[in-house]
Amino acid sequence: MNFLRLHDPLLSILFEDDDIIAIDKPYGFNAHTNDSKIEHSDFIQDGLIEIYEKNFKIKLHIIHRLDQTTTGVMIFGKSQDSAKKYAQFFFDRQVQKTYWLTTDKVSGKNELNCKLKIDENIIHKGKDYDALTDFKFINKNSGFELWQAEPHTGRNHQIRVHAQAANISLLGDEKYGGSDFPFLCLHNCKIEFPNGIIIESHPPEHFKNLELLKNKKAVEIAFEADRRRRLFSKADQNQCFRLFHQKNKFKNQDFVIDQLGTEKISQPAENSELKTWMASEGHIQYELKSDLKNNVGLFTNQRLHRNWVLNNSAGKSVLNLFSYTGSYSVASASGGATSITSVDLNKNNLNWSRKNFELNNLNSEPHKFLLRDSLTYIEQAFAKNMKYDLIICDTPAFYRREKGVFKIEAELQNLIEKCLGCLNPNGDFLFSTTADDLYIDTIRNVIVTAQKNLKIKNIEINCILPSLDFELPDQKANLKSFLIRLK
């Protein structure tokens, strides 16, 4: 199966010049794809180098890597020559690296900047390597201590091994004598090169506020939020993305927090405050509303899809089924679509769509807002041989129709066939659903069957990978989405 990673306009770079790119590495990502197979997942998670190569369309070379469980400064070369140049700095031990770590081991050190030097060899893959690390005591609070580590060599797991030797094993590092914790507490704060380049990464909040470590639930939420903010550090305060997502093993509903502009909205709802505000995706504005269930009018798991539509709708006729509050329609209009048909069964949603058009100074008059059942509409459009260049179908698992009910398992084949049958040559069909009982392979098989039934000769089927605020190493994003192109 083909997997497609869409461009993410929020993905940020920490530092860049003609030779190197530095990123603020979040927790949970490997350097390369080969090391990144996610257990119980339908896809292989890209490594960081592949993610940044695809997003910024540049060939990169790893100069300084971090383990999956370590956060902070990670460096790529933009050419083989620059990679060799900077790799030589590391090989010659001309690079000063500064890490912070936290521990709950009582060292007995009370004096600020008290130092320890660990000069002990490290065995890796049967070979014995010299290794030297300087540790410096920085702070302590609530039974936790903060230490600075400066490794003078670059051996595998060097800081973790030497911290154990110094009796200050890292919090969360059970492999090397540390206490159980939701994550490993190790952060690469700063790298200083001999050519004068200094790259810094701000440590997560729990390094600066050690008392936070006492409350595992609170620190886990802060840590996951920090993870996303590292990925999207250059995003302005009006942008939207998933801030926290925790799988609930005992209930059907996960606990999530979305950053929607200046507001943080949780699901399940934590309060019943009703409010209306504006938030952005790029330069596009949306009116959002918090009701008793916090149904705000924008799904963050589709922000990359809307960005793709924005950049691929110029001059096209667009059909937006199950259009909800019209976010895809607004993206289409902003991208220069010539005609847009938005179909939804809810009159309030269609009025909300028109409001979103107004917010972005888009003329809604040339476009259609139809109070219709989406399945009925596409069936009639197919019967009349109506054609579109782009069809968007974000399909609910269940809804009440004008007559009867819609269940996606029963109607999926019919829906996809009718949509494909209404595409112009070289047209695109963007399909998505959060139906729990549908799997990626099931949907792909339905698409292939529809292709055969319609006798479509050439078709390109791409399963869209989730955005990085949803693609966690220990969970599978619930959204299943495909980009299908007639050729």
# chains A, B, ... in the order shown; residues from 1 in each chain; ligands from 1
call {"tool": "closest_atom_pairs", "arguments": {"of": "range 306-420 of chain A", "to": "range 476-485 of chain A", "cutoff": "12 Å", "atoms": "only C-alpha atoms", "output": "JSON lines"}}
result
{"residue": "A:Trp308", "atom": "CA", "partner": "A:Leu483", "partner_atom": "CA", "distance": 10.3}
{"residue": "A:Val309", "atom": "CA", "partner": "A:Leu483", "partner_atom": "CA", "distance": 10.9}
{"residue": "A:Asp389", "atom": "CA", "partner": "A:Arg485", "partner_atom": "CA", "distance": 10.0}
{"residue": "A:Leu390", "atom": "CA", "partner": "A:Arg485", "partner_atom": "CA", "distance": 9.3}
{"residue": "A:Ile391", "atom": "CA", "partner": "A:Ile484", "partner_atom": "CA", "distance": 9.8}
{"residue": "A:Ile392", "atom": "CA", "partner": "A:Leu483", "partner_atom": "CA", "distance": 9.5}
{"residue": "A:Cys393", "atom": "CA", "partner": "A:Ser481", "partner_atom": "CA", "distance": 9.7}
{"residue": "A:Asp394", "atom": "CA", "partner": "A:Ser481", "partner_atom": "CA", "distance": 8.6}
{"residue": "A:Thr395", "atom": "CA", "partner": "A:Ser481", "partner_atom": "CA", "distance": 10.0}
{"residue": "A:Pro396", "atom": "CA", "partner": "A:Leu479", "partner_atom": "CA", "distance": 11.0}
{"residue": "A:Ala397", "atom": "CA", "partner": "A:Leu479", "partner_atom": "CA", "distance": 11.5}
{"residue": "A:Ile416", "atom": "CA", "partner": "A:Ile484", "partner_atom": "CA", "distance": 10.4}
{"residue": "A:Glu417", "atom": "CA", "partner": "A:Ile484", "partner_atom": "CA", "distance": 11.9}
{"residue": "A:Cys419", "atom": "CA", "partner": "A:Ile484", "partner_atom": "CA", "distance": 10.5}
{"residue": "A:Leu420", "atom": "CA", "partner": "A:Ile484", "partner_atom": "CA", "distance": 8.6}
call {"tool": "residues_around", "arguments": {"residues": "Val318 in chain A", "least_positions_apart": "4", "cutoff": "12 Å", "atoms": "only C-alpha atoms", "output": "ChimeraX atom specification"}}
result
/A:309-310,312-314,323,328-333,335-343,367-368,386-393,419,422-424,427-430
call {"tool": "atom_distance", "arguments": {"atom1": "CA of Glu263 in chain A", "atom2": "CA of Leu298 in chain A"}}
result
12.9 Å
call {"tool": "residues_around", "arguments": {"residues": "Tyr324 in chain A", "least_positions_apart": "2", "cutoff": "9 Å", "atoms": "only C-alpha atoms", "output": "list in words"}}
result
Gly297, Leu298, Leu321, Phe322, Gly326, Ser327, Ser342, Val343, Asp344, Leu345, Asn346, Asn349, Leu350, Trp352 and Ser353 of chain A
call {"tool": "closest_atom_pairs", "arguments": {"of": "range 36-107 of chain A", "to": "range 145-154 of chain A", "cutoff": "9 Å", "atoms": "only C-alpha atoms", "output": "Markdown table"}}
result
| residue | atom | partner | partner_atom | distance |
| --- | --- | --- | --- | --- |
| A:Phe90 | CA | A:Gly154 | CA | 8.1 |
| A:Phe91 | CA | A:Gly154 | CA | 8.7 |
| A:Arg93 | CA | A:His152 | CA | 6.7 |
| A:Gln94 | CA | A:His152 | CA | 8.9 |
| A:Val95 | CA | A:His152 | CA | 8.3 |
| A:Gln96 | CA | A:Glu150 | CA | 7.3 |
| A:Lys97 | CA | A:Glu150 | CA | 5.7 |
| A:Thr98 | CA | A:Glu150 | CA | 5.0 |
| A:Tyr99 | CA | A:Ala149 | CA | 5.0 |
| A:Trp100 | CA | A:Gln148 | CA | 4.6 |
| A:Leu101 | CA | A:Trp147 | CA | 5.4 |
| A:Thr102 | CA | A:Leu146 | CA | 4.7 |
| A:Thr103 | CA | A:Glu145 | CA | 5.4 |
| A:Asp104 | CA | A:Glu145 | CA | 6.2 |
| A:Lys105 | CA | A:Glu145 | CA | 7.5 |
| A:Val106 | CA | A:Glu145 | CA | 7.7 |
| A:Ser107 | CA | A:Glu145 | CA | 8.3 |
call {"tool": "write_last_selection", "arguments": {"atoms": "C-alpha atoms", "output": "CSV table (one decimal), in the first residue's frame"}}
result
chain,number,residue,atom,x,y,z
A,90,PHE,CA,32.5,15.5,16.8
A,91,PHE,CA,35.2,13.0,15.9
A,93,ARG,CA,36.0,16.1,20.2
A,94,GLN,CA,35.7,19.8,19.5
A,95,VAL,CA,32.0,20.0,20.2
A,96,GLN,CA,30.7,20.9,23.6
A,97,LYS,CA,27.4,19.1,24.4
A,98,THR,CA,25.2,20.1,27.4
A,99,TYR,CA,22.5,17.9,28.7
A,100,TRP,CA,20.1,18.2,31.6
A,101,LEU,CA,18.8,15.1,33.5
A,102,THR,CA,16.5,14.6,36.5
A,103,THR,CA,16.8,11.9,39.1
A,104,ASP,CA,15.0,10.9,42.3
A,105,LYS,CA,18.2,9.3,43.7
A,106,VAL,CA,19.5,11.2,46.7
A,107,SER,CA,23.1,12.2,45.9
call {"tool": "closest_residue", "arguments": {"among": "A:Ala269, A:Leu359, A:Ile51, A:Ile284", "to": "Asp8 in chain A", "atoms": "only C-alpha atoms"}}
result
A:Ile51
call {"tool": "closest_residue", "arguments": {"among": "A:Ser432, A:Ser317, A:Thr449, A:Gln380", "to": "Asn462 in chain A", "atoms": "only C-alpha atoms"}}
result
A:Ser432
call {"tool": "closest_residue", "arguments": {"among": "A:Asp81, A:Glu365, A:Asp173, A:Asp119", "to": "Thr133 in chain A", "atoms": "only C-alpha atoms"}}
result
A:Asp119
call {"tool": "residues_around", "arguments": {"residues": "Gly282 in chain A", "least_positions_apart": "6", "cutoff": "9 Å", "atoms": "only C-alpha atoms", "output": "PyMOL selection string"}}
result
chain A and resi 9-10+238-239+307
call {"tool": "atom_distance", "arguments": {"atom1": "CA of Ile49 in chain A", "atom2": "CA of Phe470 in chain A"}}
result
18.3 Å
call {"tool": "residues_around", "arguments": {"residues": "Asp17 in chain A", "least_positions_apart": "3", "cutoff": "10 Å", "atoms": "only C-alpha atoms", "output": "PyMOL selection string"}}
result
chain A and resi 20-22+77-78
call {"tool": "write_last_selection", "arguments": {"atoms": "C-alpha atoms", "output": "PDB file, in the first residue's frame"}}
result
ATOM      1  CA  ILE A  20      23.133  22.353   8.591  1.00  0.00           C
ATOM      2  CA  ILE A  21      19.602  22.079   9.908  1.00  0.00           C
ATOM      3  CA  ALA A  22      18.968  21.641  13.629  1.00  0.00           C
ATOM      4  CA  GLY A  77      23.767  18.132   7.237  1.00  0.00           C
ATOM      5  CA  LYS A  78      22.337  19.635   4.053  1.00  0.00           C
TER       6      LYS A  78
END
call {"tool": "closest_residue", "arguments": {"among": "A:Ser142, A:Gln237, A:Gln164, A:Asn348", "to": "Leu212 in chain A", "atoms": "only C-alpha atoms"}}
result
A:Ser142
call {"tool": "select_by_dssp", "arguments": {"residues": "range 170-220 of chain A", "states": "helix (DSSP H, G or I)", "output": "number ranges by chain"}}
result
A: 174-176, 205-208, 210-214, 216-220
call {"tool": "select_by_dssp", "arguments": {"residues": "range 303-429 of chain A", "states": "strand (DSSP E or B)", "output": "ChimeraX atom specification"}}
result
/A:317-321,339-344,368-371,388-395,398-400,405-407,423-429
call {"tool": "closest_residue", "arguments": {"among": "A:Lys25, A:His32, A:Lys175, A:Lys407", "to": "Ile75 in chain A", "atoms": "only C-alpha atoms"}}
result
A:Lys25
call {"tool": "atom_distance", "arguments": {"atom1": "CA of Tyr52 in chain A", "atom2": "CA of Leu11 in chain A"}}
result
8.4 Å
call {"tool": "residues_around", "arguments": {"residues": "Tyr129 in chain A", "least_positions_apart": "5", "cutoff": "10 Å", "atoms": "only C-alpha atoms", "output": "compact mmCIF listing (two decimals) with C-alpha atoms, in the first residue's frame"}}
result
# COMPACT_ATOMS: atom_id res chain seq x y z
CA GLU A 120 34.70 4.68 32.92
CA ASN A 121 34.85 2.62 29.74
CA ILE A 122 31.62 1.54 28.06
CA ILE A 123 31.15 -1.82 26.37
CA HIS A 124 29.02 -1.71 23.23
CA THR A 153 32.97 11.31 24.17
CA GLY A 154 30.00 10.06 22.21
CA ARG A 155 29.41 6.48 23.28
CA ASN A 156 26.14 4.59 23.14
call {"tool": "residues_around", "arguments": {"residues": "Tyr286 in chain A", "least_positions_apart": "4", "cutoff": "6 Å", "atoms": "only C-alpha atoms", "output": "mmCIF file with N, CA, C and O atoms, in the first residue's frame"}}
result
data_model
loop_
_atom_site.group_PDB
_atom_site.id
_atom_site.type_symbol
_atom_site.label_atom_id
_atom_site.label_comp_id
_atom_site.auth_asym_id
_atom_site.auth_seq_id
_atom_site.Cartn_x
_atom_site.Cartn_y
_atom_site.Cartn_z
ATOM 1 N N MET A 278 -12.216 33.150 17.307
ATOM 2 C CA MET A 278 -11.616 32.917 15.995
ATOM 3 C C MET A 278 -10.271 32.210 16.165
ATOM 4 O O MET A 278 -9.525 32.476 17.099
ATOM 5 N N ALA A 279 -9.987 31.291 15.240
ATOM 6 C CA ALA A 279 -8.683 30.627 15.210
ATOM 7 C C ALA A 279 -8.267 30.477 13.753
ATOM 8 O O ALA A 279 -9.074 30.684 12.835
ATOM 9 N N ASN A 356 -17.897 31.457 7.773
ATOM 10 C CA ASN A 356 -16.461 31.247 7.575
ATOM 11 C C ASN A 356 -15.979 31.836 6.253
ATOM 12 O O ASN A 356 -14.851 32.313 6.156
#
call {"tool": "closest_residue", "arguments": {"among": "A:Ile13, A:Leu184, A:Ile118, A:Ile191", "to": "Asn167 in chain A", "atoms": "only C-alpha atoms"}}
result
A:Ile118
